[in-house]
Every structure is written in C-alpha cells, then in structure tokens.
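Heads up, the thing below is written out as structure tokens.
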Amino acid sequence: MRVVEPFVEMARGLWTTLRMMFDRPVTVQYPEQKKPVMPRFRGRHVLKRYENGLEKCIGCALCAAACPADAIFVESSENTDEVRYSPGDRYASTYEINMLRCIFCGFCEDACPTEAIVLGDQYELSFTDRHQAVYPKEMLIEPVPENGQPTPQITKAGEFTRSVPAMKDPQD
Amino acid sequence: MTLFHVIEWLIKGFVWALVLLGGFAYLTLYERRALARIQSRIGPNRAGPFGLLQPIADAVKLIFKEELTPANADKLIFLLAPVITVVPAVIITAVVPWGPSLDIFGYHLTLYIADINVGVLYIMSIASIAVYGIVLAGWSSNNKYAMMGGLRSSAQMISYELALGLSFVSAILLAGSMRMLDIVNMQKPIWFVLLQPVGTGIFLIATLAEVNRAPFDMPEAEQELTAGYHTEYSGMKFALLFMAEYTKMIAISAIGATLFFGGYLGPFVDKFPWLGPFYIFIKIILLLFGMIWVRATFPRIRYDRLMAFGWKVLLPLSLAVVFITAVGIILAQHYTNSLWMGIIPVASLLVAGFAVTMLERELRRKDYARR
C-alpha cells in the first residue's frame, strides 16, 4: 500500500507528539523544588568541627598550597589552653576562599590532614559584588554541634596536644 | 444614519484590531505552552497565574530594548518594512464574518466589519501585499542573510499563493459566490471540508508556507540564515515583524475556518446568534493548535524540495481539484440531483492518492540513484 504509507508515517509522527503532550513534565520548578545533589557533589566548602565544638582546621595551609587556582588564603595563630580554637598548637585565625577563583576541584579536601575542609552540597553561590565573593571563615565554618561549646574554649592543660587525630580511611 | 454606520464600523474595526493584537500576544503564550507540553516541559508559568502575564512581560522587554539600525541600511525602508508587514496582517480579516446579524436593544448589529461581494479576492490581494514587507525588510537590512531570507520568502510565498488561490477557487465554486457570508451560509448542510477534503488539505499546507511556519519556515532557517529577513531587527521593529507573523497565523486560521470549516456555524447558532463568534473562536484555536502541532512534529524540509513540492505537486493537484469540483457541480446541475456532488470528494481523494504515489515513486527513485 504505497499510497497510504506516507500518510501513515506522518500520522505516526503526529501521534507521537500528541501522546507526549499527556506525558508528565520533567521540569523541576527550581527555587521551590530542589533536586538532592549526588553524594560526591562538590559544592561550597564547609569547615568542620569536632563533636565537642573545637575546629578541625589547624591552620597548616596545605589546602592553600594544593589549590591550583590560588583561591584559599590561610593565616594561623597560636592556641593556648585558655583560648583554644582547635586541638594542637595552632588554628586558622583567618581563612578565606575566593569563590571567583575556586574551580571546585576538591584538591583542598584531599590535602587536608585533619579532614577539616569538605566540599559540601551548597551550590547557590551568587553575589552582587566582587568583595562578596571572598567567603570569610565565619561563612565557611559549620555551626557548633549540639553538645559542644563554641570556640574559643577554655580547656584543661595537656588534653588537646595532638593536632592531627587518628583517622580511618576516608569513605565517600 | 450614515454617520451612525461609520461609527459602528469604526468601533467594530477597532475592536477586531484589538482582538487580533491581543490574540497575537496570547498566541505566543499558547504556542510556547503547547510546544512545552509536547516536549515534556511546562513552559512559561512564572509571570502571573499560569504565566498569563508573560506576553505583557515580553512586550515590556521588547519596548525597552535597544533599537539598532545597521550603518549601511536603507533607513527609510528599514523603518517602513515592519509597518508594511503588519498592516496587511491586521486588515486581512476584515471580511471574515464572526457571526450572523444580532439584534441588541432594537439595534440591528451585523457581526462582521465589511461585507464585500469579492471577499475572497480581497483576501488574496492583501495576502500578496504581505510579501513586500518581508522582501523589503530583507533588502534594506544590507545583510546577506537577511537578503537571502527575504528572497526565499518572496519566492516561497509567490509559489504557494497559486496553490492557495486554487484551493480558494474550489470553495468559491462550491459556494457559487466570492462573498464570505454566502460561503458560510452554503456550508449549512455540509461543511466544505467534507465536500472537498483535498482542497482543504492543500489550503492547510499552502497556508503553512504562506505564513512561513514550520516545516516551511525557510525564510528563518536558523542553521542557514541566522534569522532570515529579521536578522538585523531589534526592539520594537522586531516586535512588529513578530506580531505580523503571529497575526497572520490567526488571520489564516480564521479564513480557513470560514472557507472550509463552516465559519461561525455550529449547533443552535440560528436561535442564538451570539454563539457565532464563540464557534469561530473555537475553530480558530483548533486550527492554530494544528499549526503548533505540525511545528512540533515535522523537521524543516529542504529549500529545493519545498519549491519542487509547491510547483510540481501542489499546483497540478490543486488544478485537478478545481477541475473535479467544477465537473461535480455541473453533473449535479445537469441531473438535478445533488448526490452527484459525492463525486467531488471521491475523485479528489483518488487524484490526491495518485499524486502521493507519484511523489513517493520519485523520491524512491532518487533514493535508489543516490545509493
């Protein structure tokens, strides 16, 4: 039936598009509806804390050294038992990441000896001014956990002498 | 009385122009939403409820956009071309009746703007003027893509106008009049789409080419010509060209509904004449959906194939259709038995089947030769 064949083909095309009209739309209504990110998603950095509220970051600046885009700036200061931010001798008194430079490669995460910096799941990083692109430590550090105390803490002498904790192999 | 009539015409014309322009705005939304649904998306739904304010947002954006004029463009014609394109698109539907006459508060109101006895001829002539705007826009832009787009557009529109005119002729023959009202009234027993299905098909195909819609949107083939004749247009001038395109879609749907789909006719329209505009509105919406649907389905055909199809298939087929229609009418008159009219759809479909077979054989032969 060569006469009807072209019409059948065209009708099949039209039927396909018409059927798709009643398909469920795949649109995600973004600001209201958000899809969860993948487990290994590399979003905005988060500076982690221990359970007791002490900061994991010890201000070693290995992340800054590893950063290929030179986005991280770290300045460290001395801890004392009266004014203690992190275990060990030193803590990061200034920790800044320039989000305009950061390429979210995750090298800082790999370089960190204390697993203090982690690329989180936050991806809404817009700003209206170039100065807002530099995220200071206050924006990056995670909130104090439930039964921890905020830093700086007053601690007993000789309790937090080791800056790098004993760690298991990293999981995902 | 005459002054009163003039005022009535003015008001009706003004209202119809507003309906067309508002319809244009909402047709863009309608198309975007329908296309989005076909592509499993939602489409614009942010501005207002269901995105109903989207056309207003678009209009505001277009008004405030920068108007660019190319340095070597022909300034006057560059400015005039969008206007020349818009005006025919708006005035072409003046002869389309949207209902029978209506008596409101003792006043006899006719639901059409102009009732001229050569209404179809008026439509044909105005439709031809629309080519000028496009070809002038292409030429005055001083841009090779715009020029090519304008040339393609004019060639395509002139080629398909022949088939379009001949499909009009089959409706005129069936109605025995060129007056739009007579054509509508003659469709009371049976719509012309059933009496002349092939003529309707030719009309629908030729109108797609006439208003430069996919799959015949050669003047705007993005891959080849960036945006065709409106490459250099921006801001409100672009909006005018855009408006002309969509207004023409509405106009051609209204004309198609009137000529082949019974115009304002529908159940109970004799008792309640105000149902007329409602019925023609629904028919226009359905025909517009057909255009959007076809756009979502078929890819753009090649330019030489387009011209070959227009001249080698559509034109002979429409000539044959006119001939068959005339023969059927003469037989019906000769034997004074309108059952002879039944020969028209049957013979037309046979001829159309023959045309499709020949076309397919030709394409197969070419396909074989290429291998």
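Order determines the names: the first chain of the structure tokens is A, the second B, and so forth; residues in each chain are numbered 1 upward, and ligands are numbered 1 upward as they are shown.
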
Q) Any idea what's packed within 12 Å of Thr200 (chain B), counting only C-alpha atoms, ignoring anything in its chain fewer than 2 positions away? Could you give it as a VMD selection string? A) chain B and resid 163 to 171 191 to 198 202 to 207 253 255 to 261 287 318 321 to 322 345 348 to 349 352

Q: List the neighbours of Glu109 (chain A) out to 12 Å using only C-alpha atoms; skip same-chain residues closer than 2 positions along the sequence, and give me the result as a ChimeraX atom specification.
A: /A:40,42-48,57,61-67,72,104-107,111-120,170

**Q.** Residues near Gln156 (chain B), cut-off 12 Å, only C-alpha atoms, skip fewer than 2 positions along chain, as a VMD selection string
**A.** chain B and resid 128 131 134 to 135 148 to 154 158 to 164 206 to 213 216 to 219 303 to 311

Could the residues in this selection be written to a file with N, CA and C atoms, as a short mmCIF file (atom, residue, chain, number, x, y, z; two decimals), in the first residue's frame?
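Dumped to selection_7.cif:
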```
data_model
loop_
_atom_site.label_atom_id
_atom_site.label_comp_id
_atom_site.auth_asym_id
_atom_site.auth_seq_id
_atom_site.Cartn_x
_atom_site.Cartn_y
_atom_site.Cartn_z
N SER B 128 -1.07 38.97 -0.80
CA SER B 128 0.10 39.19 -1.66
C SER B 128 0.90 40.40 -1.21
N VAL B 131 3.98 40.08 1.17
CA VAL B 131 5.32 39.69 0.71
C VAL B 131 6.24 40.91 0.68
N ILE B 134 8.22 41.77 3.83
CA ILE B 134 9.29 40.84 4.16
C ILE B 134 10.48 41.04 3.22
N VAL B 135 10.20 41.16 1.93
CA VAL B 135 11.33 41.28 1.00
C VAL B 135 12.02 42.62 1.17
N MET B 148 18.96 36.96 1.70
CA MET B 148 18.60 35.60 1.29
C MET B 148 17.25 35.21 1.87
N GLY B 149 17.04 35.58 3.13
CA GLY B 149 15.77 35.25 3.77
C GLY B 149 14.61 35.92 3.05
N GLY B 150 14.79 37.18 2.72
CA GLY B 150 13.73 37.90 2.03
C GLY B 150 13.45 37.30 0.67
N LEU B 151 14.52 36.94 -0.05
CA LEU B 151 14.34 36.35 -1.39
C LEU B 151 13.61 35.01 -1.29
N ARG B 152 14.08 34.18 -0.36
CA ARG B 152 13.45 32.88 -0.19
C ARG B 152 11.98 33.05 0.14
N SER B 153 11.74 33.99 1.07
CA SER B 153 10.37 34.20 1.50
C SER B 153 9.49 34.61 0.34
N SER B 154 9.98 35.55 -0.48
CA SER B 154 9.13 36.02 -1.58
C SER B 154 8.90 34.89 -2.57
N ILE B 158 5.14 33.43 -3.20
CA ILE B 158 4.52 33.56 -4.52
C ILE B 158 4.18 32.17 -5.06
N SER B 159 5.08 31.20 -4.85
CA SER B 159 4.82 29.85 -5.37
C SER B 159 3.60 29.24 -4.71
N TYR B 160 3.52 29.38 -3.40
CA TYR B 160 2.42 28.70 -2.71
C TYR B 160 1.12 29.47 -2.81
N GLU B 161 1.22 30.77 -3.20
CA GLU B 161 -0.01 31.54 -3.36
C GLU B 161 -0.87 30.96 -4.47
N LEU B 162 -0.24 30.37 -5.50
CA LEU B 162 -1.00 29.78 -6.60
C LEU B 162 -1.86 28.64 -6.08
N ALA B 163 -1.23 27.72 -5.35
CA ALA B 163 -1.99 26.59 -4.82
C ALA B 163 -3.05 27.08 -3.84
N LEU B 164 -2.67 28.11 -3.05
CA LEU B 164 -3.63 28.66 -2.09
C LEU B 164 -4.84 29.24 -2.81
N ALA B 206 -0.61 24.95 2.08
CA ALA B 206 -0.16 26.20 1.47
C ALA B 206 -0.14 27.33 2.48
N THR B 207 -1.06 27.31 3.46
CA THR B 207 -1.02 28.39 4.45
C THR B 207 0.20 28.27 5.33
N LEU B 208 0.62 27.04 5.61
CA LEU B 208 1.85 26.89 6.39
C LEU B 208 3.01 27.58 5.69
N ALA B 209 3.08 27.40 4.36
CA ALA B 209 4.14 28.05 3.60
C ALA B 209 3.90 29.55 3.52
N GLU B 210 2.63 29.96 3.45
CA GLU B 210 2.27 31.37 3.31
C GLU B 210 2.69 32.16 4.54
N VAL B 211 2.49 31.62 5.72
CA VAL B 211 2.83 32.35 6.93
C VAL B 211 4.21 31.95 7.46
N ASN B 212 4.99 31.25 6.64
CA ASN B 212 6.37 30.88 6.99
C ASN B 212 6.43 30.10 8.29
N ARG B 213 5.58 29.11 8.42
CA ARG B 213 5.61 28.30 9.62
C ARG B 213 6.35 27.00 9.31
N PHE B 216 7.80 24.70 6.80
CA PHE B 216 8.17 25.51 5.64
C PHE B 216 8.78 26.84 6.08
N ASP B 217 9.44 26.90 7.22
CA ASP B 217 9.94 28.20 7.69
C ASP B 217 11.32 28.50 7.12
N MET B 218 11.41 28.34 5.81
CA MET B 218 12.66 28.60 5.10
C MET B 218 13.23 29.99 5.32
N PRO B 219 12.42 31.06 5.32
CA PRO B 219 13.00 32.39 5.48
C PRO B 219 13.69 32.57 6.81
N TYR B 303 15.12 23.49 0.90
CA TYR B 303 14.52 24.57 0.12
C TYR B 303 14.14 24.12 -1.28
N ASP B 304 14.99 23.36 -1.96
CA ASP B 304 14.65 22.94 -3.32
C ASP B 304 13.47 21.98 -3.32
N ARG B 305 13.39 21.14 -2.27
CA ARG B 305 12.25 20.23 -2.15
C ARG B 305 10.97 21.02 -1.94
N LEU B 306 11.10 22.11 -1.16
CA LEU B 306 9.94 22.96 -0.90
C LEU B 306 9.40 23.53 -2.21
N MET B 307 10.31 24.08 -3.02
CA MET B 307 9.87 24.67 -4.28
C MET B 307 9.35 23.58 -5.22
N ALA B 308 10.04 22.43 -5.26
CA ALA B 308 9.59 21.36 -6.14
C ALA B 308 8.21 20.88 -5.71
N PHE B 309 8.00 20.78 -4.42
CA PHE B 309 6.70 20.33 -3.93
C PHE B 309 5.61 21.31 -4.32
N GLY B 310 5.91 22.59 -4.15
CA GLY B 310 4.92 23.61 -4.48
C GLY B 310 4.54 23.60 -5.95
N TRP B 311 5.56 23.53 -6.82
CA TRP B 311 5.29 23.70 -8.26
C TRP B 311 4.90 22.39 -8.92
#
```

Q.
If you run DSSP on the backbone here, which positions in chain A get alpha helix (DSSP H)? Please write them as a ChimeraX atom specification.
A. /A:4-21,62-66,107-111,137-140

Q: Do me a favour and pick out the residues of chain B within 12 Å of chain A, using only C-alpha atoms, as a ChimeraX atom specification.
A: /B:33-46,289-299,349-361,363-364

Q. Which neighbours of region 86-92 of chain A fall inside 7 Å, counting only C-alpha atoms, when residues of the same chain fewer than 4 positions from it are skipped, and could you give them as an NGL selection string?
A. :A and (54-59 or 74-79 or 160-163)

Q: Rank B:Gly263, B:Pro189, B:Gly119, B:Gly23 by their smallest atom-to-atom distance to Gly276 (chain B), using only C-alpha atoms, and report the top residue only.
A: B:Gly263

Q: Take CA of Phe78 (chain B) and CA of Gly235 (chain B) and report the distance between them in Å, one decimal.
A: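 Interatomic distance here is 13.2 Å.
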